[in-house]
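Quick look at model06.csv (CSV, C-alpha atoms):
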```csv
chain,number,residue,atom,x,y,z
C,31,MET,CA,76.1,22.8,-25.0
C,32,SER,CA,78.6,20.7,-27.0
C,33,ARG,CA,80.7,17.9,-25.6
C,34,ARG,CA,84.4,18.5,-25.3
C,35,LYS,CA,86.7,16.2,-27.2
C,36,LEU,CA,89.4,14.1,-25.4
C,37,THR,CA,92.9,15.4,-25.7
C,38,LYS,CA,95.7,13.4,-27.1
C,39,SER,CA,97.2,12.6,-23.7
C,40,GLU,CA,93.7,11.4,-22.4
C,41,LEU,CA,93.3,9.1,-25.4
C,42,GLU,CA,96.8,7.5,-24.8
C,43,LEU,CA,95.9,7.0,-21.1
C,44,TRP,CA,92.7,5.3,-22.0
C,45,GLN,CA,94.4,3.0,-24.5
C,46,GLN,CA,96.8,1.9,-21.7
C,47,VAL,CA,94.0,1.2,-19.3
C,48,ALA,CA,92.0,-0.7,-21.9
C,49,GLN,CA,94.9,-3.0,-22.7
C,50,LYS,CA,95.5,-4.0,-19.0
C,51,ALA,CA,91.9,-4.5,-18.2
C,52,GLU,CA,90.4,-8.1,-18.0
C,53,ARG,CA,87.0,-8.9,-19.3
C,54,LEU,CA,84.5,-10.1,-16.7
C,55,HIS,CA,82.7,-12.6,-19.0
C,56,PRO,CA,85.0,-13.2,-22.1
C,57,HIS,CA,82.8,-16.1,-23.5
C,58,ARG,CA,79.6,-14.0,-23.5
C,59,PHE,CA,81.3,-11.0,-25.0
C,60,GLU,CA,82.9,-13.0,-27.9
C,61,ALA,CA,79.7,-14.8,-28.8
C,62,ALA,CA,77.7,-11.5,-28.7
C,63,VAL,CA,80.0,-9.5,-30.9
C,64,PRO,CA,80.5,-10.8,-34.4
C,65,ALA,CA,83.9,-10.7,-36.0
C,66,PRO,CA,84.5,-7.5,-38.0
C,67,GLN,CA,84.7,-9.4,-41.3
C,68,ALA,CA,81.3,-11.0,-40.7
C,69,VAL,CA,79.5,-7.7,-40.3
C,70,HIS,CA,77.2,-7.1,-43.3
C,71,LYS,CA,75.7,-3.9,-44.2
C,72,MET,CA,71.9,-3.9,-43.7
C,73,PRO,CA,70.0,-3.2,-46.9
C,74,SER,CA,68.3,0.1,-46.7
C,75,VAL,CA,64.5,-0.4,-46.2
C,76,SER,CA,62.2,2.4,-47.3
C,77,THR,CA,59.7,3.1,-44.6
C,78,PRO,CA,56.1,3.0,-45.8
C,79,ARG,CA,54.4,6.3,-46.0
C,80,ILE,CA,51.9,6.7,-43.2
C,81,GLU,CA,48.7,8.5,-44.0
C,82,PRO,CA,48.0,11.4,-41.6
C,83,PHE,CA,45.5,10.6,-38.9
C,84,VAL,CA,42.3,12.6,-38.9
C,85,LEU,CA,40.0,12.0,-36.0
C,86,GLY,CA,36.7,10.5,-37.2
C,87,HIS,CA,37.5,10.2,-40.9
C,88,LYS,CA,36.2,6.6,-41.0
C,89,ALA,CA,33.3,7.2,-38.8
C,90,MET,CA,29.8,6.3,-40.1
C,91,PRO,CA,27.3,9.1,-40.6
C,92,LYS,CA,25.1,9.7,-37.6
C,93,PRO,CA,21.9,7.7,-37.6
C,94,ALA,CA,18.6,9.3,-37.0
C,95,LYS,CA,17.8,10.7,-33.5
C,96,HIS,CA,18.0,7.9,-30.9
C,97,SER,CA,18.1,5.2,-33.6
C,98,LEU,CA,19.7,2.0,-32.3
C,99,LYS,CA,18.8,0.0,-35.4
C,100,PRO,CA,17.9,0.8,-39.0
C,101,ALA,CA,14.4,2.0,-39.7
C,102,ILE,CA,11.8,-0.7,-40.5
C,103,SER,CA,11.3,0.7,-44.0
C,104,HIS,CA,15.1,0.4,-44.6
C,105,MET,CA,15.2,-3.1,-43.3
C,106,LEU,CA,12.3,-4.3,-45.4
C,107,ALA,CA,13.6,-2.5,-48.5
C,108,HIS,CA,16.9,-4.4,-48.2
C,109,THR,CA,15.3,-7.8,-47.6
C,110,PRO,CA,15.8,-10.2,-50.5
C,111,VAL,CA,12.8,-10.9,-52.6
C,112,GLN,CA,11.5,-14.4,-52.0
C,113,MET,CA,8.5,-14.4,-54.2
C,114,ASP,CA,8.0,-14.0,-58.0
C,115,HIS,CA,9.6,-10.7,-59.0
C,116,LYS,CA,6.8,-9.7,-61.3
C,117,SER,CA,4.2,-10.3,-58.6
C,118,PHE,CA,6.3,-8.4,-56.1
C,119,GLY,CA,6.5,-5.4,-58.4
C,120,LYS,CA,2.7,-5.4,-58.8
C,121,MET,CA,2.3,-5.7,-55.0
C,122,LYS,CA,4.6,-2.8,-54.3
C,123,ARG,CA,2.7,-0.6,-56.8
C,124,GLY,CA,-0.6,-1.5,-55.1
C,125,LYS,CA,-1.9,-3.4,-58.2
C,126,LEU,CA,-2.6,-6.6,-56.3
C,127,LYS,CA,-5.7,-6.6,-54.1
C,128,PRO,CA,-5.2,-8.1,-50.6
C,129,GLU,CA,-7.5,-11.1,-49.9
C,130,GLY,CA,-7.8,-10.3,-46.3
C,131,ARG,CA,-7.0,-7.5,-43.8
C,132,LEU,CA,-6.3,-7.2,-40.1
C,133,ASP,CA,-6.5,-3.8,-38.4
C,134,LEU,CA,-4.3,-3.7,-35.3
C,135,HIS,CA,-4.5,0.1,-35.1
C,136,GLY,CA,-5.1,1.2,-31.5
C,137,MET,CA,-4.4,-2.3,-30.0
C,138,ARG,CA,-2.0,-3.0,-27.2
C,139,VAL,CA,1.0,-5.3,-27.8
C,140,ASP,CA,-0.5,-8.1,-25.6
C,141,THR,CA,-3.7,-8.3,-27.6
C,142,ALA,CA,-2.2,-7.5,-31.0
C,143,HIS,CA,0.3,-10.4,-31.1
C,144,PRO,CA,-2.2,-13.2,-30.6
C,145,ALA,CA,-4.6,-11.5,-33.0
C,146,LEU,CA,-1.8,-11.4,-35.7
C,147,ASN,CA,-1.0,-15.1,-35.0
C,148,ARG,CA,-4.7,-16.2,-35.5
C,149,PHE,CA,-5.1,-14.0,-38.6
C,150,ILE,CA,-2.0,-15.1,-40.4
C,151,LEU,CA,-2.4,-18.9,-39.7
C,152,GLY,CA,-6.1,-18.7,-40.5
C,153,ALA,CA,-5.5,-16.9,-43.8
C,154,GLN,CA,-2.9,-19.5,-44.8
C,155,ALA,CA,-5.2,-22.3,-43.9
C,156,SER,CA,-7.9,-20.9,-46.0
C,157,GLY,CA,-5.6,-20.6,-49.0
C,158,LYS,CA,-5.1,-16.8,-49.1
C,159,ARG,CA,-1.9,-15.5,-50.5
C,160,LEU,CA,-1.8,-11.7,-50.0
C,161,VAL,CA,-3.1,-10.1,-46.8
C,162,LEU,CA,-2.8,-6.6,-45.4
C,163,VAL,CA,-1.9,-5.9,-41.8
C,164,ILE,CA,-2.6,-2.4,-40.6
C,165,THR,CA,-0.6,-1.2,-37.6
C,166,GLY,CA,-1.0,2.6,-37.8
C,167,LYS,CA,2.0,4.9,-37.9
C,168,GLY,CA,2.2,5.4,-34.2
C,169,LYS,CA,2.5,8.5,-32.0
C,170,ASP,CA,5.6,10.3,-30.8
C,171,ARG,CA,6.1,9.8,-27.1
C,172,ASP,CA,5.2,12.8,-25.0
C,173,GLU,CA,8.0,12.3,-22.5
C,174,PRO,CA,11.4,11.3,-23.8
C,175,GLY,CA,13.1,8.9,-21.4
C,176,PRO,CA,16.6,7.4,-21.1
C,177,ILE,CA,15.6,4.4,-23.2
C,178,PRO,CA,14.8,5.4,-26.8
C,179,THR,CA,11.5,4.0,-27.9
C,180,PRO,CA,10.7,4.0,-31.6
C,181,ARG,CA,7.7,5.7,-33.0
C,182,GLY,CA,4.8,3.2,-33.4
C,183,MET,CA,5.3,0.1,-31.2
C,184,LEU,CA,3.2,-2.2,-33.4
C,185,ARG,CA,4.7,-0.8,-36.6
C,186,ASN,CA,8.1,-1.9,-35.3
C,187,GLN,CA,7.0,-5.2,-33.7
C,188,VAL,CA,4.8,-6.7,-36.5
C,189,PRO,CA,7.7,-7.4,-39.0
C,190,GLN,CA,9.7,-9.1,-36.2
C,191,TRP,CA,6.7,-11.2,-35.1
C,192,LEU,CA,6.2,-12.3,-38.7
C,193,SER,CA,9.8,-13.5,-38.9
C,194,LEU,CA,9.6,-15.7,-35.8
C,195,PRO,CA,7.8,-19.0,-35.2
C,196,PRO,CA,4.9,-19.9,-35.5
C,197,LEU,CA,4.4,-17.3,-38.3
C,198,ALA,CA,7.8,-17.6,-40.0
C,199,GLN,CA,6.7,-20.9,-41.6
C,200,ALA,CA,3.7,-19.3,-43.2
C,201,VAL,CA,5.2,-16.0,-44.4
C,202,LEU,CA,7.0,-15.7,-47.7
C,203,GLN,CA,7.5,-11.9,-48.0
C,204,VAL,CA,6.7,-8.8,-45.9
C,205,THR,CA,6.9,-5.3,-47.3
C,206,GLN,CA,5.4,-1.9,-46.6
C,207,ALA,CA,2.0,-1.3,-48.2
C,208,HIS,CA,1.4,1.0,-51.1
C,209,ILE,CA,0.0,4.5,-50.1
C,210,SER,CA,-3.4,3.4,-51.4
C,211,HIS,CA,-3.5,0.6,-48.8
C,212,GLY,CA,-2.1,2.5,-45.8
C,213,GLY,CA,1.6,3.3,-46.7
C,214,ASP,CA,3.9,3.4,-43.7
C,215,GLY,CA,1.1,2.3,-41.4
C,216,ALA,CA,0.5,-1.1,-43.1
C,217,TYR,CA,2.3,-4.1,-44.4
C,218,TYR,CA,1.6,-6.5,-47.2
C,219,VAL,CA,2.2,-10.1,-46.1
C,220,TYR,CA,2.5,-12.6,-48.9
C,221,LEU,CA,1.9,-16.1,-47.6
C,222,LYS,CA,3.3,-19.4,-48.6
C,223,ARG,CA,1.0,-22.0,-50.2
C,224,ASN,CA,-0.7,-24.3,-47.6
C,225,ARG,CA,0.6,-27.8,-48.0
```

Hey, can you dump this file as C-alpha cells for me?
Amino acid sequence: MSRRKLTKSELELWQQVAQKAERLHPHRFEAAVPAPQAVHKMPSVSTPRIEPFVLGHKAMPKPAKHSLKPAISHMLAHTPVQMDHKSFGKMKRGKLKPEGRLDLHGMRVDTAHPALNRFILGAQASGKRLVLVITGKGKDRDEPGPIPTPRGMLRNQVPQWLSLPPLAQAVLQVTQAHISHGGDGAYYVYLKRNR
C-alpha cells in the first residue's frame, strides 16, 4: 500500500502552522543542525567485500579417537635436536649401540618411576651416553570410560618423566627407538656428560 501525497491546500495549511509555532528549545536545535552552507557531502566509501561464512571452514582436522594431546611419536619427532646431528641420525637409524638398557615392560607406574630415576642418574654417573628404556607398546583398555586413557601408560609417561627434575638435568635427547631396538615400545635416551 503506497502513501497518499498531501494536497496543495494541506501543504499551505501546514506552512501556516509551522510559521506560527514556537520552538521548545531553540538553542539546542540551532547547535544541533548545521547551517545549510556548512553541510558537506560525505565522500562515498566503498564497503569491503565480506567473504561468505561457511560453518567450520577454519576448523582443524579431527584428532585421533579420544586424543586430547598429540601422540608421543609426533611430539618427539618435532622436538628440536639438542645433540650432534650426525650422531642423532645414526641413533635414529639404529647404528649406535645403547650402553645400557632398562626394561619397564609390565611394571606399574609406582614402581617404574623410581626405577627410571635410579637407572638414568646411575647411567650418567657411570659416564654412559646412550641408554635404552623399554616401556612396551601397552594394551588397549577393555572398558572405555568417560576419561580417555592413552594406550600404554608407561609409554606415555616416560618422556614426561625424562623432561622433569631430577632427570631433566641429565637428559640431552629422547627419541623413539629404531625397530631393531624395540620401535614404538622403547626410547633412546641420550645423556649429558657428567660434570

So which residues touch Lys122 in chain C within 9 Å, counting all atoms listed in the file, skipping near sequence neighbours fewer than 2 positions away, as number ranges by chain? C: 117-120, 124-126, 205-208, 218

Distance of CA of Asp140 in chain C from CA of Tyr217 in chain C, expressed in Å to one decimal place: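 CA of Asp140 in chain C lies at a distance of 19.4 Å from CA of Tyr217 in chain C.
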
Check the smallest atom-to-atom distance from each of C:Met121, C:Ala101, C:Val204, C:Leu151 to Asn186 in chain C using only C-alpha atoms, then report the winner. C:Ala101

From the list C:Gln203, C:Pro195, C:Thr165, C:Gly157, which residue is nearest His115 in chain C when using only C-alpha atoms?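 Closest residue, counting only C-alpha atoms: C:Gln203.
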
Separation of CA of Gln187 in chain C from CA of Ile102 in chain C, in Å and rounded to one decimal: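 These atoms are spaced 9.5 Å apart.
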
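Atom pair CA of Ile150 in chain C / CA of Val201 in chain C: separated by 8.3 Å.
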
Could you pull the residues within 10 Å of Arg159 in chain C, counting only C-alpha atoms, minus those fewer than 6 positions along the same chain, as a PDB file with C-alpha atoms, keeping the file's coordinate frame?
```pdb
ATOM      1  CA  PRO C 128      -5.200  -8.100 -50.600  1.00  0.00           C
ATOM      2  CA  GLU C 129      -7.500 -11.100 -49.900  1.00  0.00           C
ATOM      3  CA  GLY C 130      -7.800 -10.300 -46.300  1.00  0.00           C
ATOM      4  CA  ALA C 153      -5.500 -16.900 -43.800  1.00  0.00           C
ATOM      5  CA  ALA C 200       3.700 -19.300 -43.200  1.00  0.00           C
ATOM      6  CA  VAL C 201       5.200 -16.000 -44.400  1.00  0.00           C
ATOM      7  CA  LEU C 202       7.000 -15.700 -47.700  1.00  0.00           C
ATOM      8  CA  VAL C 219       2.200 -10.100 -46.100  1.00  0.00           C
ATOM      9  CA  TYR C 220       2.500 -12.600 -48.900  1.00  0.00           C
ATOM     10  CA  LEU C 221       1.900 -16.100 -47.600  1.00  0.00           C
ATOM     11  CA  LYS C 222       3.300 -19.400 -48.600  1.00  0.00           C
ATOM     12  CA  ARG C 223       1.000 -22.000 -50.200  1.00  0.00           C
ATOM     13  CA  ASN C 224      -0.700 -24.300 -47.600  1.00  0.00           C
TER      14      ASN C 224
END
```
